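Novice: Following this message is one structure expressed as structure tokens.
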Amino acid sequence: SMSTLQAGIIPVTPFQQNCTILFDGEEMRGVVVDPGGEVDHIRASIEQNGLTIEAIWLTHGHIDHAGGAMELKEALGVDLLGPQEADRELLLNLENQARMFGLSDPVRNVTPDRFLNEGDVVSFAGHDFKVLHCPGHSPGHVVFYNEAAKFAHVGDVLFNGSIGRTDLPGGDHAALIHSIKTKLLPLGDDIGFICGHGPGGRFGDERRTNPFLAGE
């Protein structure tokens with residue numbers, strides 16, 4: 001039953017990034033998507049809810065999404081999957097990013113156990129997510145899509161009423177719009193999504209009312 005797929009959101013770091021725990025409500029097994037920092041806070045939430053975490057998934061290589069990934073990986077003893085390999089350089093420069101932003105939270109460069117590609121499938125507790133490579137916000141950004149639950153975790157590709165910024169290194173506005181129009185919107189108006197910052201929504205509402213997608 002797909003009703004057992006659940007999500008909990010833990011806003012972390014000064015960037016208020018939506019670290020997301022996707023889990024099965026019956027088996028209480030799941031994954032952590034984008035542990036950007038405040039790893040003690042994330043671990044406390046996992047323990048308080050009696051969850052067993054099987055892996056960490058990364059949508060992309062920016063510091064607010066990946067800054068706590070290696071610390072959490074070692075604490076939990078799980079594999080770190082994603083993003084797509086085009087974000088390798090971003091992941092290897094996280095410590096420099098942290099110094100640039102003057103962040104106090106410890107940040108470490110990230111080496112995933114496995115990069116992900118378009119068409120890969122990642123799973124936990126019987127819930128399968130297709131990997132969609134959606135460049136534009138970053139070159140190696142991926143989206144996790146669960147067809148059965150009509151649900152996607154879109155990271156910073158698409159927001160409620162907005163889109164990911166493209167003024168950072170590796171950003172490409174035309175590529176981002178192309179990713180949204182060719183990879184996300186065709187999945188259907190009824191697809192619900194969680195994004196990297198702020199409230200989620202539905203693809204149909206974004207197609208109709210998002211000012212960045214007007215007339216698409």
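Each chain in the structure tokens gets a letter, A, B, ..., in the order shown, and its residues are numbered from 1; ligands are numbered from 1 in order too.
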Just the alpha helix (DSSP H) stuff from chain A, please, per backbone DSSP, written as JSON, numbers by chain.

Specialist: {"A": [39, 40, 41, 42, 43, 44, 45, 46, 47, 48, 63, 64, 65, 66, 69, 70, 71, 72, 73, 74, 75, 76, 88, 89, 90, 91, 94, 95, 96, 97, 98, 99, 100, 101, 173, 174, 175, 176, 177, 178, 179, 203, 204, 205, 206, 207, 208, 209]}

Novice: Using the chain letters and numbers from this document, which residues of chain A does DSSP assign to strand (DSSP E), as a CSV table (one decimal) with N, CA and C atoms, in the first residue's frame?

Specialist:
chain,number,residue,atom,x,y,z
A,5,LEU,N,4.0,5.3,2.5
A,5,LEU,CA,5.2,6.1,2.2
A,5,LEU,C,4.9,7.5,2.9
A,6,GLN,N,5.8,7.9,3.8
A,6,GLN,CA,5.7,9.1,4.5
A,6,GLN,C,6.9,10.0,4.4
A,7,ALA,N,6.8,11.2,4.8
A,7,ALA,CA,7.9,12.1,4.7
A,7,ALA,C,7.9,13.1,5.9
A,8,GLY,N,9.1,13.3,6.5
A,8,GLY,CA,9.2,14.3,7.5
A,8,GLY,C,10.3,15.3,7.1
A,9,ILE,N,10.0,16.6,7.4
A,9,ILE,CA,10.9,17.6,7.0
A,9,ILE,C,11.6,18.3,8.2
A,10,ILE,N,12.9,18.4,8.1
A,10,ILE,CA,13.7,19.0,9.2
A,10,ILE,C,14.4,20.2,8.6
A,11,PRO,N,14.0,21.4,8.8
A,11,PRO,CA,14.7,22.6,8.2
A,11,PRO,C,16.0,22.7,9.0
A,12,VAL,N,17.1,22.8,8.2
A,12,VAL,CA,18.5,22.8,8.8
A,12,VAL,C,19.3,24.0,8.3
A,17,GLN,N,17.2,24.8,4.8
A,17,GLN,CA,17.0,23.8,3.8
A,17,GLN,C,16.2,22.6,4.3
A,18,ASN,N,15.3,22.1,3.5
A,18,ASN,CA,14.4,21.0,3.9
A,18,ASN,C,15.1,19.6,3.9
A,19,CYS,N,15.9,19.3,4.9
A,19,CYS,CA,16.4,18.0,5.0
A,19,CYS,C,15.1,17.1,5.2
A,20,THR,N,15.0,16.1,4.3
A,20,THR,CA,13.8,15.2,4.3
A,20,THR,C,14.1,13.8,4.6
A,21,ILE,N,13.3,13.2,5.5
A,21,ILE,CA,13.3,11.8,5.8
A,21,ILE,C,12.1,11.2,5.1
A,22,LEU,N,12.4,10.3,4.1
A,22,LEU,CA,11.4,9.5,3.5
A,22,LEU,C,11.4,8.2,4.1
A,23,PHE,N,10.2,7.7,4.6
A,23,PHE,CA,10.2,6.4,5.3
A,23,PHE,C,8.9,5.7,5.1
A,24,ASP,N,8.9,4.4,5.4
A,24,ASP,CA,7.8,3.5,5.4
A,24,ASP,C,7.1,3.6,6.8
A,29,ARG,N,11.4,2.1,8.2
A,29,ARG,CA,12.7,2.2,7.5
A,29,ARG,C,12.7,3.2,6.4
A,30,GLY,N,13.8,3.9,6.2
A,30,GLY,CA,13.8,5.0,5.2
A,30,GLY,C,15.1,5.5,4.9
A,31,VAL,N,15.1,6.7,4.3
A,31,VAL,CA,16.4,7.3,3.8
A,31,VAL,C,16.3,8.8,4.2
A,32,VAL,N,17.5,9.4,4.3
A,32,VAL,CA,17.6,10.8,4.6
A,32,VAL,C,18.0,11.5,3.2
A,33,VAL,N,17.3,12.5,2.8
A,33,VAL,CA,17.6,13.2,1.6
A,33,VAL,C,18.1,14.6,1.9
A,52,THR,N,14.8,3.4,11.2
A,52,THR,CA,16.1,2.8,10.7
A,52,THR,C,16.4,3.4,9.4
A,53,ILE,N,17.5,4.1,9.3
A,53,ILE,CA,17.9,4.7,8.0
A,53,ILE,C,18.8,3.8,7.2
A,54,GLU,N,18.4,3.6,5.9
A,54,GLU,CA,19.1,2.6,5.1
A,54,GLU,C,20.1,3.3,4.2
A,55,ALA,N,20.0,4.6,3.9
A,55,ALA,CA,20.9,5.2,2.9
A,55,ALA,C,20.7,6.7,3.1
A,56,ILE,N,21.6,7.5,2.5
A,56,ILE,CA,21.5,8.9,2.3
A,56,ILE,C,21.5,9.2,0.8
A,57,TRP,N,20.5,10.0,0.4
A,57,TRP,CA,20.4,10.4,-1.0
A,57,TRP,C,20.6,11.9,-1.1
A,79,ASP,N,25.3,3.9,3.1
A,79,ASP,CA,25.8,4.3,1.8
A,79,ASP,C,25.2,5.7,1.5
A,80,LEU,N,26.0,6.5,0.7
A,80,LEU,CA,25.6,7.8,0.3
A,80,LEU,C,25.5,7.7,-1.2
A,81,LEU,N,24.2,8.0,-1.7
A,81,LEU,CA,23.9,7.9,-3.2
A,81,LEU,C,23.6,9.2,-3.8
A,121,VAL,N,17.2,3.4,-10.5
A,121,VAL,CA,16.1,3.2,-9.5
A,121,VAL,C,16.7,3.0,-8.1
A,122,VAL,N,16.3,3.8,-7.1
A,122,VAL,CA,16.8,3.7,-5.8
A,122,VAL,C,15.5,3.3,-4.9
A,123,SER,N,15.7,2.5,-3.9
A,123,SER,CA,14.6,2.0,-3.2
A,123,SER,C,14.8,1.9,-1.7
A,124,PHE,N,13.8,1.8,-0.9
A,124,PHE,CA,13.8,1.4,0.5
A,124,PHE,C,12.4,0.8,0.8
A,127,HIS,N,9.6,0.8,-1.6
A,127,HIS,CA,9.3,2.0,-2.4
A,127,HIS,C,10.4,2.3,-3.4
A,128,ASP,N,10.0,2.3,-4.7
A,128,ASP,CA,11.0,2.6,-5.7
A,128,ASP,C,10.9,4.0,-6.2
A,129,PHE,N,12.1,4.6,-6.4
A,129,PHE,CA,12.1,6.0,-6.9
A,129,PHE,C,13.0,6.0,-8.1
A,130,LYS,N,12.4,6.5,-9.2
A,130,LYS,CA,13.2,6.7,-10.4
A,130,LYS,C,14.1,7.9,-10.3
A,131,VAL,N,15.3,7.9,-10.8
A,131,VAL,CA,16.2,9.0,-10.8
A,131,VAL,C,16.1,9.7,-12.1
A,132,LEU,N,15.8,11.0,-12.0
A,132,LEU,CA,15.8,11.9,-13.2
A,132,LEU,C,16.9,12.9,-13.1
A,133,HIS,N,17.8,13.0,-14.1
A,133,HIS,CA,18.8,14.0,-14.1
A,133,HIS,C,18.3,15.3,-14.6
A,142,VAL,N,19.8,15.8,-9.4
A,142,VAL,CA,18.8,14.7,-9.7
A,142,VAL,C,17.5,14.9,-8.9
A,143,VAL,N,16.5,14.4,-9.4
A,143,VAL,CA,15.1,14.3,-8.8
A,143,VAL,C,14.8,12.9,-8.5
A,144,PHE,N,14.1,12.6,-7.4
A,144,PHE,CA,13.7,11.3,-7.1
A,144,PHE,C,12.2,11.2,-7.2
A,145,TYR,N,11.7,10.3,-8.1
A,145,TYR,CA,10.3,10.2,-8.5
A,145,TYR,C,9.7,8.9,-8.1
A,146,ASN,N,8.6,8.9,-7.3
A,146,ASN,CA,7.9,7.6,-7.0
A,146,ASN,C,6.6,7.6,-7.7
A,151,PHE,N,4.5,11.1,-6.4
A,151,PHE,CA,5.3,12.0,-5.5
A,151,PHE,C,6.7,12.2,-6.0
A,152,ALA,N,7.3,13.4,-5.9
A,152,ALA,CA,8.7,13.6,-6.3
A,152,ALA,C,9.4,14.5,-5.3
A,153,HIS,N,10.6,14.2,-5.1
A,153,HIS,CA,11.5,15.1,-4.3
A,153,HIS,C,12.4,15.8,-5.3
A,158,LEU,N,12.7,23.0,-8.7
A,158,LEU,CA,11.4,23.7,-8.8
A,158,LEU,C,10.9,24.0,-7.4
A,159,PHE,N,10.3,25.2,-7.2
A,159,PHE,CA,9.8,25.6,-5.9
A,159,PHE,C,8.3,25.9,-6.0
A,162,SER,N,8.2,29.4,-7.7
A,162,SER,CA,9.5,29.8,-8.2
A,162,SER,C,10.3,28.7,-8.8
A,163,ILE,N,11.5,28.9,-9.1
A,163,ILE,CA,12.4,27.9,-9.6
A,163,ILE,C,13.8,28.1,-9.0
A,192,GLY,N,2.6,15.4,-6.5
A,192,GLY,CA,2.9,16.2,-5.4
A,192,GLY,C,4.4,16.3,-5.3
A,193,PHE,N,5.0,17.4,-4.8
A,193,PHE,CA,6.4,17.4,-4.6
A,193,PHE,C,6.8,18.1,-3.3
A,194,ILE,N,8.0,17.7,-2.8
A,194,ILE,CA,8.7,18.3,-1.7
A,194,ILE,C,10.0,18.9,-2.4
A,201,GLY,N,4.3,21.4,-3.2
A,201,GLY,CA,3.1,21.7,-4.0
A,201,GLY,C,2.8,20.6,-5.0
A,202,ARG,N,2.1,21.0,-6.1
A,202,ARG,CA,1.7,20.1,-7.1
A,202,ARG,C,2.2,20.6,-8.5

Novice: Quick one, how far is atom CA of Gly164 of chain A from atom CA of Val78 of chain A?

Specialist: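 Taking atom CA of Gly164 of chain A and atom CA of Val78 of chain A, their separation equals 28.8 Å.
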
Novice: Check which residues of segment 114-166 of chain A sit at most 12 Å from segment 65-73 of chain A using only C-alpha atoms, and return one row each with the closest pair of atoms and their distance in Å to one decimal, ordered by chain and rising number, as a tab-separated table.

Specialist:
residue	atom	partner	partner_atom	distance
A:Ser138	CA	A:His65	CA	11.9
A:His141	CA	A:His65	CA	11.1
A:Gly155	CA	A:His65	CA	8.6
A:Asp156	CA	A:His65	CA	9.4

Novice: Closest to Pro135 of chain A among A:Leu116, A:Val110, A:Leu176, A:Leu187, using only C-alpha atoms?

Specialist: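 The shortest atom-to-atom distance to Pro135 of chain A comes from A:Leu176.
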
Novice: Considering only C-alpha atoms, state which residue in the set A:His41, A:Arg88, A:Arg208, A:Lys150 is at the smallest distance from Gly170 of chain A.

Specialist: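 When distances to Gly170 of chain A are compared using only C-alpha atoms, the smallest one comes from A:Arg88.
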